[in-house]
>>> print(open('input_34.txt').read())   # compact mmCIF, C-alpha atoms and all ligand atoms
# COMPACT_ATOMS: atom_id res chain seq x y z
CA MET L 1 -1.43 39.21 -23.43
CA ASN L 2 -0.70 35.54 -22.83
CA THR L 3 0.21 34.08 -19.45
CA LYS L 4 3.92 34.68 -19.85
CA GLU L 5 3.48 38.30 -20.99
CA LYS L 6 1.13 39.09 -18.10
CA ASP L 7 3.47 37.41 -15.65
CA LEU L 8 6.41 39.48 -16.86
CA LYS L 9 4.38 42.67 -16.72
CA TYR L 10 2.56 42.22 -13.41
CA ILE L 11 4.48 39.78 -11.20
CA MET L 12 7.67 40.79 -9.41
CA HIS L 13 10.57 39.04 -10.96
CA THR L 14 11.90 36.97 -8.06
CA TYR L 15 12.20 33.78 -10.14
CA GLY L 16 13.97 32.90 -13.35
CA ARG L 17 11.13 30.81 -14.75
CA TYR L 18 11.32 28.02 -17.28
CA ASP L 19 9.44 28.88 -20.45
CA VAL L 20 6.37 26.78 -19.64
CA ALA L 21 2.86 27.63 -18.40
CA LEU L 22 1.50 24.52 -16.72
CA ALA L 23 -2.24 23.98 -17.05
CA LYS L 24 -3.13 20.59 -15.59
CA GLY L 25 -1.79 17.26 -14.46
CA LYS L 26 -2.41 13.72 -13.27
CA GLY L 27 0.09 11.67 -11.27
CA ALA L 28 3.61 12.63 -12.34
CA THR L 29 2.41 13.81 -15.75
CA ALA L 30 1.65 17.47 -16.49
CA TYR L 31 0.39 19.37 -19.53
CA ASP L 32 1.09 22.97 -20.53
CA GLU L 33 -1.38 25.46 -22.00
CA ASP L 34 -0.66 24.15 -25.51
CA GLY L 35 -1.37 20.56 -24.46
CA LYS L 36 2.29 19.49 -24.52
CA LYS L 37 3.04 16.63 -22.12
CA TYR L 38 5.73 16.62 -19.41
CA ILE L 39 6.95 14.06 -16.90
CA ASP L 40 7.36 15.94 -13.62
CA VAL L 41 10.13 14.73 -11.33
CA SER L 42 10.06 17.94 -9.29
CA SER L 43 6.51 17.80 -7.89
CA GLY L 44 6.43 21.54 -7.24
CA ILE L 45 9.64 21.16 -5.16
CA GLY L 46 8.47 18.15 -3.22
CA VAL L 47 5.00 19.53 -2.56
CA ASN L 48 2.70 17.36 -4.69
CA SER L 49 3.62 14.27 -2.67
CA LEU L 50 0.77 12.22 -4.17
CA GLY L 51 1.23 13.72 -7.63
CA TYR L 52 -1.19 15.96 -9.49
CA CYS L 53 -4.86 15.67 -8.56
CA ASP L 54 -4.83 12.36 -6.68
CA GLU L 55 -8.45 11.22 -6.56
CA GLY L 56 -8.71 10.61 -2.81
CA TRP L 57 -6.93 13.85 -2.01
CA VAL L 58 -9.21 15.88 -4.30
CA LYS L 59 -12.23 14.30 -2.64
CA ALA L 60 -10.97 15.04 0.89
CA VAL L 61 -10.22 18.67 0.03
CA THR L 62 -13.39 19.43 -1.94
CA GLU L 63 -15.65 17.80 0.65
CA GLN L 64 -14.07 19.93 3.36
CA ALA L 65 -14.35 23.08 1.21
CA GLY L 66 -18.07 22.42 0.96
CA THR L 67 -18.45 21.81 4.72
CA ILE L 68 -16.53 24.61 6.47
CA GLN L 69 -13.65 26.29 4.67
CA HIS L 70 -12.09 28.35 7.45
CA MET L 71 -12.49 29.24 11.06
CA SER L 72 -10.15 31.30 13.19
CA ASN L 73 -7.87 29.70 15.72
CA TYR L 74 -10.25 30.90 18.45
CA PHE L 75 -12.34 27.80 17.71
CA TYR L 76 -11.62 24.07 17.81
CA SER L 77 -11.23 22.26 14.48
CA SER L 78 -11.53 18.49 14.08
CA GLN L 79 -9.36 18.44 10.92
CA ALA L 80 -6.52 20.23 12.74
CA SER L 81 -6.77 18.20 15.96
CA ASN L 82 -6.97 14.91 14.02
CA LEU L 83 -3.87 15.86 12.04
CA ALA L 84 -1.96 16.83 15.18
CA GLU L 85 -2.97 13.57 16.89
CA LYS L 86 -1.81 11.49 13.91
CA LEU L 87 1.55 13.24 13.70
CA CYS L 88 2.16 12.88 17.44
CA ASN L 89 1.18 9.21 17.46
CA LEU L 90 3.39 8.46 14.47
CA THR L 91 6.47 10.24 15.82
CA GLY L 92 6.27 10.22 19.61
CA MET L 93 6.29 14.01 19.59
CA ALA L 94 4.01 15.68 22.13
CA LYS L 95 2.41 18.70 20.43
CA VAL L 96 2.10 20.58 17.19
CA CYS L 97 1.98 24.31 16.33
CA PHE L 98 0.48 25.22 12.94
CA GLY L 99 1.58 27.71 10.28
CA ASN L 100 1.51 28.00 6.51
CA SER L 101 4.99 27.42 5.15
CA GLY L 102 8.42 26.00 5.81
CA ALA L 103 9.86 29.34 6.81
CA GLU L 104 7.04 29.92 9.29
CA ALA L 105 7.50 26.45 10.75
CA ASN L 106 11.18 27.24 11.30
CA GLU L 107 10.36 30.66 12.78
CA CYS L 108 8.09 28.86 15.23
CA ALA L 109 10.82 26.36 16.18
CA ILE L 110 13.27 29.24 16.71
CA LYS L 111 10.78 31.04 18.96
CA ILE L 112 10.12 27.89 21.01
CA ALA L 113 13.84 27.19 21.42
CA ARG L 114 14.55 30.73 22.57
CA LYS L 115 11.59 30.87 24.93
CA TYR L 116 12.46 27.50 26.49
CA SER L 117 15.93 28.80 27.19
CA PHE L 118 14.69 32.20 28.39
CA ASP L 119 12.20 30.61 30.81
CA LYS L 120 14.81 28.23 32.23
CA TYR L 121 18.10 30.16 32.06
CA GLY L 122 17.08 33.82 31.67
CA GLU L 123 18.39 36.32 29.14
CA GLY L 124 21.42 35.81 26.93
CA ARG L 125 21.29 32.09 26.19
CA ASN L 126 19.66 32.52 22.79
CA GLU L 127 22.12 31.59 20.08
CA ILE L 128 21.20 28.98 17.50
CA ILE L 129 23.87 27.12 15.58
CA THR L 130 23.02 26.11 12.01
CA LEU L 131 25.14 24.30 9.46
CA LYS L 132 27.03 25.79 6.55
CA ASN L 133 25.29 25.17 3.25
CA SER L 134 21.90 24.83 4.95
CA PHE L 135 18.63 26.36 3.80
CA HIS L 136 15.89 27.32 6.24
CA GLY L 137 13.68 29.85 4.45
CA ARG L 138 13.25 33.38 3.12
CA THR L 139 12.02 35.49 6.02
CA VAL L 140 14.58 37.83 7.54
CA THR L 141 15.12 35.44 10.47
CA THR L 142 15.24 32.21 8.48
CA LEU L 143 17.62 33.84 5.98
CA SER L 144 19.78 34.55 8.99
CA ALA L 145 19.48 30.90 9.99
CA THR L 146 20.47 29.80 6.49
CA GLY L 147 24.20 29.03 6.58
CA GLN L 148 25.15 30.48 3.20
CA ASP L 149 26.67 33.94 2.76
CA VAL L 150 24.89 34.53 -0.56
CA PHE L 151 21.62 34.78 1.37
CA HIS L 152 22.98 37.41 3.77
CA ASN L 153 22.67 40.37 1.47
CA TYR L 154 20.55 43.52 0.84
CA PHE L 155 18.08 43.09 3.69
CA PHE L 156 20.17 44.32 6.61
CA PRO L 157 19.92 44.18 9.53
CA PHE L 158 19.39 40.43 9.76
CA THR L 159 18.18 38.76 12.94
CA GLU L 160 21.00 38.30 15.43
CA GLY L 161 21.82 35.18 17.34
CA PHE L 162 22.93 32.66 14.75
CA ALA L 163 26.30 30.96 14.40
CA TYR L 164 27.38 28.57 11.67
CA ALA L 165 29.34 25.34 11.78
CA GLU L 166 30.67 23.18 8.98
CA ALA L 167 28.50 20.10 8.39
CA ASN L 168 29.89 16.63 9.15
CA ASN L 169 32.59 18.16 11.36
CA LEU L 170 32.05 17.55 15.06
CA ASP L 171 35.04 19.68 16.11
CA ALA L 172 33.61 22.63 14.21
CA LEU L 173 30.36 22.18 16.12
CA LYS L 174 32.16 21.92 19.46
CA ASN L 175 34.02 25.14 18.67
CA ALA L 176 30.77 26.92 17.81
CA VAL L 177 28.96 25.84 20.99
CA SER L 178 29.18 28.31 23.88
CA ASP L 179 27.25 29.10 27.05
CA LYS L 180 25.03 31.26 24.83
CA THR L 181 23.91 28.30 22.67
CA CYS L 182 20.26 27.30 23.07
CA ALA L 183 19.77 25.10 20.00
CA VAL L 184 21.29 23.50 16.93
CA MET L 185 19.18 23.43 13.78
CA LEU L 186 19.90 21.14 10.85
CA GLU L 187 18.55 19.34 7.81
CA VAL L 188 19.78 15.72 7.95
CA ILE L 189 19.88 15.93 4.16
CA GLN L 190 20.67 19.42 2.91
CA GLY L 191 18.25 19.75 0.01
CA GLU L 192 18.86 23.17 -1.54
CA GLY L 193 22.52 22.83 -0.53
CA GLY L 194 23.04 20.00 -3.03
CA VAL L 195 21.37 16.89 -1.57
CA ASN L 196 24.16 16.49 1.00
CA ILE L 197 23.35 13.45 3.10
CA LEU L 198 24.87 14.00 6.54
CA ASP L 199 26.88 11.17 8.14
CA LYS L 200 24.98 9.09 10.64
CA ASP L 201 27.87 9.11 13.15
CA TYR L 202 28.10 12.87 12.98
CA VAL L 203 24.37 13.43 13.44
CA GLN L 204 24.20 11.01 16.37
CA SER L 205 27.23 12.62 18.06
CA LEU L 206 25.73 16.08 17.45
CA VAL L 207 22.50 15.06 19.17
CA LYS L 208 24.36 13.54 22.13
CA LEU L 209 26.57 16.60 22.52
CA CYS L 210 23.49 18.86 22.49
CA HIS L 211 21.44 16.77 24.86
CA ASP L 212 24.29 16.55 27.39
CA SER L 213 24.07 20.37 27.70
CA ASP L 214 20.30 20.88 27.36
CA ILE L 215 20.84 22.36 23.90
CA LEU L 216 17.75 21.70 21.77
CA VAL L 217 18.01 19.85 18.47
CA ILE L 218 15.77 21.27 15.74
CA VAL L 219 15.48 19.07 12.64
CA ASP L 220 14.20 20.92 9.57
CA GLU L 221 12.20 18.24 7.73
CA VAL L 222 10.51 20.72 5.40
CA GLN L 223 11.98 19.02 2.32
CA THR L 224 12.93 15.59 3.73
CA GLY L 225 9.70 14.83 5.61
CA ILE L 226 6.48 13.02 4.68
CA GLY L 227 7.93 9.89 3.14
CA ARG L 228 10.42 11.63 0.86
CA THR L 229 13.38 9.56 2.11
CA GLY L 230 11.51 6.28 2.49
CA LYS L 231 10.67 6.87 6.16
CA LEU L 232 7.92 9.20 7.32
CA PHE L 233 10.68 11.55 8.54
CA ALA L 234 14.31 11.49 7.45
CA TYR L 235 15.59 11.71 11.05
CA GLU L 236 14.24 8.17 11.58
CA ASN L 237 17.04 6.98 9.26
CA TYR L 238 19.48 8.36 11.85
CA ASP L 239 17.97 6.78 14.98
CA ILE L 240 17.81 10.10 16.80
CA THR L 241 15.15 11.89 18.84
CA PRO L 242 14.95 15.60 17.98
CA ASP L 243 13.35 18.14 20.31
CA LEU L 244 11.70 20.09 17.51
CA VAL L 245 10.79 18.99 14.00
CA THR L 246 9.54 21.32 11.28
CA VAL L 247 7.37 20.07 8.43
CA ALA L 248 5.87 21.71 5.34
CA LYS L 249 6.27 21.05 1.59
CA GLY L 250 4.90 17.53 1.05
CA LEU L 251 2.49 17.53 3.99
CA GLY L 252 -0.44 19.30 2.35
CA GLY L 253 -0.18 17.40 -0.95
CA GLY L 254 -0.24 20.75 -2.78
CA LEU L 255 -1.88 23.12 -0.31
CA PRO L 256 0.13 25.49 1.90
CA ILE L 257 0.84 24.19 5.38
CA GLY L 258 3.79 24.31 7.75
CA LEU L 259 4.03 23.11 11.31
CA CYS L 260 6.40 22.61 14.16
CA MET L 261 6.26 19.51 16.37
CA CYS L 262 7.85 19.47 19.80
CA ALA L 263 8.98 16.82 22.26
CA ASP L 264 7.33 16.38 25.64
CA LYS L 265 9.66 18.69 27.58
CA LEU L 266 8.68 21.61 25.32
CA LYS L 267 4.94 21.07 25.19
CA ASP L 268 4.05 23.91 27.55
CA VAL L 269 6.66 26.46 26.47
CA MET L 270 4.28 28.41 24.25
CA SER L 271 1.40 30.02 26.12
CA PRO L 272 -1.58 32.03 24.84
CA SER L 273 -0.58 35.00 22.64
CA THR L 274 3.10 34.00 22.30
CA HIS L 275 2.45 32.86 18.74
CA GLY L 276 -0.37 32.94 16.22
CA THR L 277 -1.51 32.64 12.64
CA THR L 278 -4.66 33.64 10.77
CA PHE L 279 -4.56 30.93 8.13
CA GLY L 280 -2.62 28.22 9.98
CA ALA L 281 -4.57 24.99 10.71
CA ASN L 282 -7.05 25.82 7.95
CA PRO L 283 -9.52 22.89 7.74
CA VAL L 284 -9.37 22.47 3.94
CA VAL L 285 -5.60 22.35 4.04
CA CYS L 286 -5.66 20.00 7.05
CA ALA L 287 -8.16 17.73 5.27
CA GLY L 288 -5.62 17.37 2.45
CA ALA L 289 -2.81 16.79 4.95
CA ASN L 290 -4.84 14.19 6.86
CA TYR L 291 -5.34 12.32 3.61
CA VAL L 292 -1.64 12.56 2.71
CA ILE L 293 -0.55 11.31 6.15
CA ASP L 294 -2.94 8.35 6.06
CA ARG L 295 -1.56 7.25 2.71
CA VAL L 296 2.12 7.99 3.19
CA SER L 297 2.55 6.61 6.71
CA ALA L 298 1.56 3.07 5.66
CA LYS L 299 4.53 0.70 5.66
CA GLU L 300 3.69 -0.66 2.19
CA PHE L 301 3.65 2.89 0.78
CA LEU L 302 7.07 3.68 2.27
CA ASP L 303 8.48 0.34 1.04
CA GLU L 304 7.33 1.34 -2.46
CA VAL L 305 9.10 4.70 -2.14
CA ASN L 306 12.33 2.86 -1.33
CA ALA L 307 11.88 0.36 -4.15
CA LYS L 308 11.16 3.12 -6.69
CA GLY L 309 14.15 5.08 -5.43
CA GLU L 310 16.43 2.08 -5.94
CA TYR L 311 15.04 1.50 -9.41
CA LEU L 312 15.48 5.16 -10.35
CA GLU L 313 19.06 5.16 -9.05
CA SER L 314 19.97 2.01 -10.98
CA LYS L 315 18.61 3.55 -14.20
CA LEU L 316 20.46 6.82 -13.59
CA LYS L 317 23.72 4.98 -13.03
CA GLU L 318 23.42 3.39 -16.47
CA LEU L 319 23.73 6.85 -18.04
CA GLU L 320 27.23 7.58 -19.27
CA GLN L 321 27.25 11.28 -18.27
CA VAL L 322 26.10 10.63 -14.69
CA LYS L 323 29.12 10.83 -12.37
CA SER L 324 27.37 9.97 -9.11
CA VAL L 325 23.95 9.78 -7.49
CA ARG L 326 23.15 11.03 -3.97
CA ARG L 327 19.89 9.51 -2.89
CA MET L 328 17.71 8.56 0.02
CA GLY L 329 14.26 7.27 -0.93
CA LEU L 330 12.97 9.55 -3.69
CA MET L 331 15.20 12.51 -2.82
CA VAL L 332 17.82 12.43 -5.53
CA GLY L 333 20.84 14.55 -6.46
CA ILE L 334 22.60 13.73 -9.71
CA GLU L 335 26.15 14.83 -10.39
CA ILE L 336 26.74 15.16 -14.12
CA ASP L 337 29.74 16.09 -16.22
CA SER L 338 28.04 19.12 -17.78
CA ASP L 339 26.26 22.26 -16.54
CA ALA L 340 23.21 21.16 -14.53
CA HIS L 341 21.24 24.39 -15.08
CA ASP L 342 21.73 24.17 -18.82
CA ILE L 343 20.73 20.49 -18.87
CA ALA L 344 17.68 21.14 -16.66
CA ALA L 345 16.44 23.88 -19.02
CA LYS L 346 16.93 21.60 -22.04
CA CYS L 347 15.16 18.72 -20.25
CA VAL L 348 12.16 21.01 -19.66
CA GLY L 349 12.10 21.82 -23.37
CA ASN L 350 12.19 18.08 -24.07
CA GLY L 351 9.29 17.30 -21.73
CA LEU L 352 10.95 16.57 -18.36
CA LEU L 353 10.33 18.92 -15.42
CA ILE L 354 13.51 18.61 -13.37
CA ILE L 355 15.19 21.00 -10.95
CA THR L 356 18.72 21.66 -9.72
CA ALA L 357 20.43 22.01 -6.36
CA LYS L 358 23.76 23.85 -6.51
CA ASP L 359 25.56 22.22 -9.47
CA LEU L 360 23.55 18.99 -9.35
CA LEU L 361 20.38 17.93 -11.09
CA ARG L 362 17.74 17.19 -8.48
CA MET L 363 14.70 14.94 -8.59
CA LEU L 364 11.91 15.08 -6.01
CA PRO L 365 9.26 13.12 -7.92
CA PRO L 366 5.79 12.57 -6.52
CA LEU L 367 6.00 9.59 -4.17
CA THR L 368 3.33 7.91 -6.31
CA ILE L 369 5.33 8.10 -9.55
CA THR L 370 4.90 4.92 -11.60
CA LYS L 371 7.67 2.74 -13.01
CA GLN L 372 6.52 3.73 -16.48
CA GLU L 373 6.82 7.44 -15.65
CA ILE L 374 10.31 6.80 -14.25
CA ASP L 375 11.25 5.06 -17.51
CA GLU L 376 9.91 8.00 -19.55
CA ALA L 377 11.83 10.46 -17.36
CA ILE L 378 15.07 8.49 -17.78
CA SER L 379 14.61 8.29 -21.52
CA ILE L 380 14.18 12.10 -21.83
CA LEU L 381 17.15 12.73 -19.54
CA LYS L 382 19.28 10.28 -21.53
CA SER L 383 18.54 11.84 -24.91
CA THR L 384 19.01 15.36 -23.51
CA LEU L 385 22.41 14.47 -22.05
CA GLU L 386 23.39 12.89 -25.38
CA GLU L 387 22.28 16.00 -27.32
CA CYS L 388 24.55 18.11 -25.14
CA LYS L 389 27.64 15.94 -25.24
C1 LIG H 401 11.74 24.86 1.13
C2 LIG H 401 12.45 24.82 2.42
C3 LIG H 401 12.18 25.78 3.42
C4 LIG H 401 11.27 26.96 3.19
O1 LIG H 401 9.96 26.58 2.97
P1 LIG H 401 8.88 27.68 2.43
O2 LIG H 401 7.59 26.93 2.44
O3 LIG H 401 9.35 28.06 1.05
O4 LIG H 401 8.92 28.81 3.36
C5 LIG H 401 12.81 25.62 4.64
N1 LIG H 401 13.65 24.59 4.87
C6 LIG H 401 13.93 23.67 3.94
C7 LIG H 401 14.84 22.54 4.26
C8 LIG H 401 13.35 23.76 2.67
O5 LIG H 401 13.66 22.86 1.73
>>> encode(input="input_34.txt", output="structure tokens")
Amino acid sequence: MNTKEKDLKYIMHTYGRYDVALAKGKGATAYDEDGKKYIDVSSGIGVNSLGYCDEGWVKAVTEQAGTIQHMSNYFYSSQASNLAEKLCNLTGMAKVCFGNSGAEANECAIKIARKYSFDKYGEGRNEIITLKNSFHGRTVTTLSATGQDVFHNYFFPFTEGFAYAEANNLDALKNAVSDKTCAVMLEVIQGEGGVNILDKDYVQSLVKLCHDSDILVIVDEVQTGIGRTGKLFAYENYDITPDLVTVAKGLGGGLPIGLCMCADKLKDVMSPSTHGTTFGANPVVCAGANYVIDRVSAKEFLDEVNAKGEYLESKLKELEQVKSVRRMGLMVGIEIDSDAHDIAAKCVGNGLLIITAKDLLRMLPPLTITKQEIDEAISILKSTLEECK
């Protein structure tokens, strides 16, 4: 059996896969098992932030794997504490809680928000408002948090205590807020929801409204964080101060990590045995993340992300079939005049790994993508769109 046949026989079918078995890569260029070349503008859904097999990242990870590969959270770890220190110094947040994925990071934020409210106000003030069209993960609770009805199926009963408000509509938020509300959770750019960039005025008013009533603001930066939007975190583009920030995807540079950062007033909410993780804060993973953070947080690196994003957008706008481009940094949604899923599948066949978000094409290229790789990607997209006209 080849890879595809084994996959179909032995792996549960929770994904409609493209017909490609990837074998190796370098930068934004990947090769399949037959040696065919692809330009990858999806980076494993924003995970391979430094591209495939970045030299410094490989060195950091392999050195740590040969030093100490795991210890339980009953012991101190320099890789984890260094990473936490860096993130706090870069953001002004006070403390970090580790996990392994975006969904876990959001679960942690939800627990902190509810415990803060429980400790201060007692039972009953536990509702979290999320936005329609949001995406917050695949656990039973984060599915509940996800503001899209299609996700609220099969797995009943879902976790209680979520309410949903239309994005970019302050009145809708005001109507959803009650004396039961303990937090509002949002992505400032809804990634899976179609690269919807929220209005700055709306986000700032939302934060003010929340903070006037001691309602916590949780920003889900799982997709938008770690340089993706040209700032270390997307919320910095909005000049706001969240109470909780969740991070995952791009942080590990390809290894699984998720974490929740909290502001000073929340730093002592979680006490021993209120939360835990076996794998979270793993030193090999944290070594990769430390390397990613050192590279990505440099101003010159982030300036490059912005410059590449502008270049990519200008090239996309030259394409006849492109109706509009939604972009911040290297987070890009492309509205086209044909079926995005069909085009994405054809692009993959033509050597461009691209993904979709709702009915848009979506690009989340490695932040290190070169101008030449962008040009190659555009050229494949252009000919694919022309084929399908
Ligand atoms: C991907 C994503 C998640 C879920 O992350 P996992 O690592 O798949 O659990 C949560 N929130 C947002 C905004 C995401 O893009």
>>> closest_residue(input="input_34.txt", among="L:Lys120, L:Lys95, L:Lys249, L:Lys86", to="ligand LIG 401 (chain H)", atoms="only C-alpha atoms and all ligand atoms")
L:Lys249
>>> residues_near_ligand(input="input_34.txt", ligand="ligand LIG 401 (chain H)", cutoff="6 Å", atoms="all atoms listed in the file", output="JSON, numbers by chain")
{"L": [101, 102, 103, 135, 136, 137, 191, 220, 222, 223]}
>>> atom_distance(input="input_34.txt", atom1="atom CA of Ile336 of chain L", atom2="atom CA of Asp375 of chain L")
18.8 Å
>>> residues_around(input="input_34.txt", residues="Glu187 of chain L", least_positions_apart="2", cutoff="8 Å", atoms="all atoms listed in the file", output="list in words")
Ser134, Met185, Ile189, Gln190, Gly191, Val219, Asp220, Glu221 and Thr224 of chain L
>>> atom_distance(input="input_34.txt", atom1="atom CA of Val41 of chain L", atom2="atom CA of Leu364 of chain L")
5.6 Å
>>> closest_atom_pairs(input="input_34.txt", of="segment 83-104 of chain L", to="segment 261-265 of chain L", cutoff="9 Å", atoms="only C-alpha atoms", output="JSON lines")
{"residue": "L:Ala84", "atom": "CA", "partner": "L:Met261", "partner_atom": "CA", "distance": 8.7}
{"residue": "L:Leu87", "atom": "CA", "partner": "L:Met261", "partner_atom": "CA", "distance": 8.3}
{"residue": "L:Cys88", "atom": "CA", "partner": "L:Met261", "partner_atom": "CA", "distance": 7.9}
{"residue": "L:Gly92", "atom": "CA", "partner": "L:Ala263", "partner_atom": "CA", "distance": 7.6}
{"residue": "L:Met93", "atom": "CA", "partner": "L:Ala263", "partner_atom": "CA", "distance": 4.7}
{"residue": "L:Ala94", "atom": "CA", "partner": "L:Asp264", "partner_atom": "CA", "distance": 4.9}
{"residue": "L:Lys95", "atom": "CA", "partner": "L:Cys262", "partner_atom": "CA", "distance": 5.5}
{"residue": "L:Val96", "atom": "CA", "partner": "L:Met261", "partner_atom": "CA", "distance": 4.4}
{"residue": "L:Cys97", "atom": "CA", "partner": "L:Met261", "partner_atom": "CA", "distance": 6.4}
{"residue": "L:Phe98", "atom": "CA", "partner": "L:Met261", "partner_atom": "CA", "distance": 8.8}
>>> closest_residue(input="input_34.txt", among="L:Gly288, L:Gly122, L:Gly333, L:Gly44", to="Gly253 of chain L", atoms="all atoms listed in the file")
L:Gly288
>>> atom_distance(input="input_34.txt", atom1="atom CA of Cys182 of chain L", atom2="atom CA of Gln148 of chain L")
20.7 Å
>>> build_atoms(input="input_34.txt", residues="segment 143-164 of chain L", atoms="N, CA and C atoms", output="compact mmCIF listing (two decimals), in the frame of the given file")
# COMPACT_ATOMS: atom_id res chain seq x y z
N LEU L 143 16.44 33.56 6.81
CA LEU L 143 17.62 33.84 5.98
C LEU L 143 18.85 33.88 6.86
N SER L 144 18.69 34.50 8.02
CA SER L 144 19.78 34.55 8.99
C SER L 144 20.20 33.14 9.39
N ALA L 145 19.20 32.28 9.59
CA ALA L 145 19.48 30.90 9.99
C ALA L 145 20.17 30.11 8.88
N THR L 146 19.90 30.50 7.64
CA THR L 146 20.47 29.80 6.49
C THR L 146 21.98 30.02 6.44
N GLY L 147 22.74 28.93 6.46
CA GLY L 147 24.20 29.03 6.58
C GLY L 147 24.92 29.22 5.26
N GLN L 148 24.48 30.20 4.47
CA GLN L 148 25.15 30.48 3.20
C GLN L 148 25.24 31.99 3.03
N ASP L 149 26.45 32.49 2.85
CA ASP L 149 26.67 33.94 2.76
C ASP L 149 25.86 34.61 1.66
N VAL L 150 25.63 33.89 0.54
CA VAL L 150 24.89 34.53 -0.56
C VAL L 150 23.50 34.99 -0.14
N PHE L 151 22.95 34.39 0.91
CA PHE L 151 21.62 34.78 1.37
C PHE L 151 21.65 35.97 2.33
N HIS L 152 22.86 36.34 2.78
CA HIS L 152 22.98 37.41 3.77
C HIS L 152 23.36 38.71 3.07
N ASN L 153 22.39 39.23 2.32
CA ASN L 153 22.67 40.37 1.47
C ASN L 153 21.44 41.29 1.45
N TYR L 154 21.61 42.51 1.11
CA TYR L 154 20.55 43.52 0.84
C TYR L 154 19.65 43.88 2.02
N PHE L 155 19.22 42.88 2.80
CA PHE L 155 18.08 43.09 3.69
C PHE L 155 18.50 43.39 5.13
N PHE L 156 19.64 44.04 5.28
CA PHE L 156 20.17 44.32 6.61
C PHE L 156 19.23 45.22 7.40
N PRO L 157 19.16 45.12 8.71
CA PRO L 157 19.92 44.18 9.53
C PRO L 157 19.20 42.84 9.65
N PHE L 158 19.96 41.76 9.56
CA PHE L 158 19.39 40.43 9.76
C PHE L 158 19.24 40.14 11.25
N THR L 159 18.40 39.15 11.54
CA THR L 159 18.18 38.76 12.94
C THR L 159 19.48 38.24 13.55
N GLU L 160 19.79 38.74 14.74
CA GLU L 160 21.00 38.30 15.43
C GLU L 160 20.80 36.94 16.08
N GLY L 161 21.91 36.37 16.50
CA GLY L 161 21.82 35.18 17.34
C GLY L 161 21.96 33.87 16.59
N PHE L 162 22.63 33.90 15.46
CA PHE L 162 22.93 32.66 14.75
C PHE L 162 24.43 32.51 14.57
N ALA L 163 24.90 31.26 14.68
CA ALA L 163 26.30 30.96 14.40
C ALA L 163 26.30 29.75 13.46
N TYR L 164 27.36 29.60 12.71
CA TYR L 164 27.38 28.57 11.67
C TYR L 164 28.55 27.62 11.86
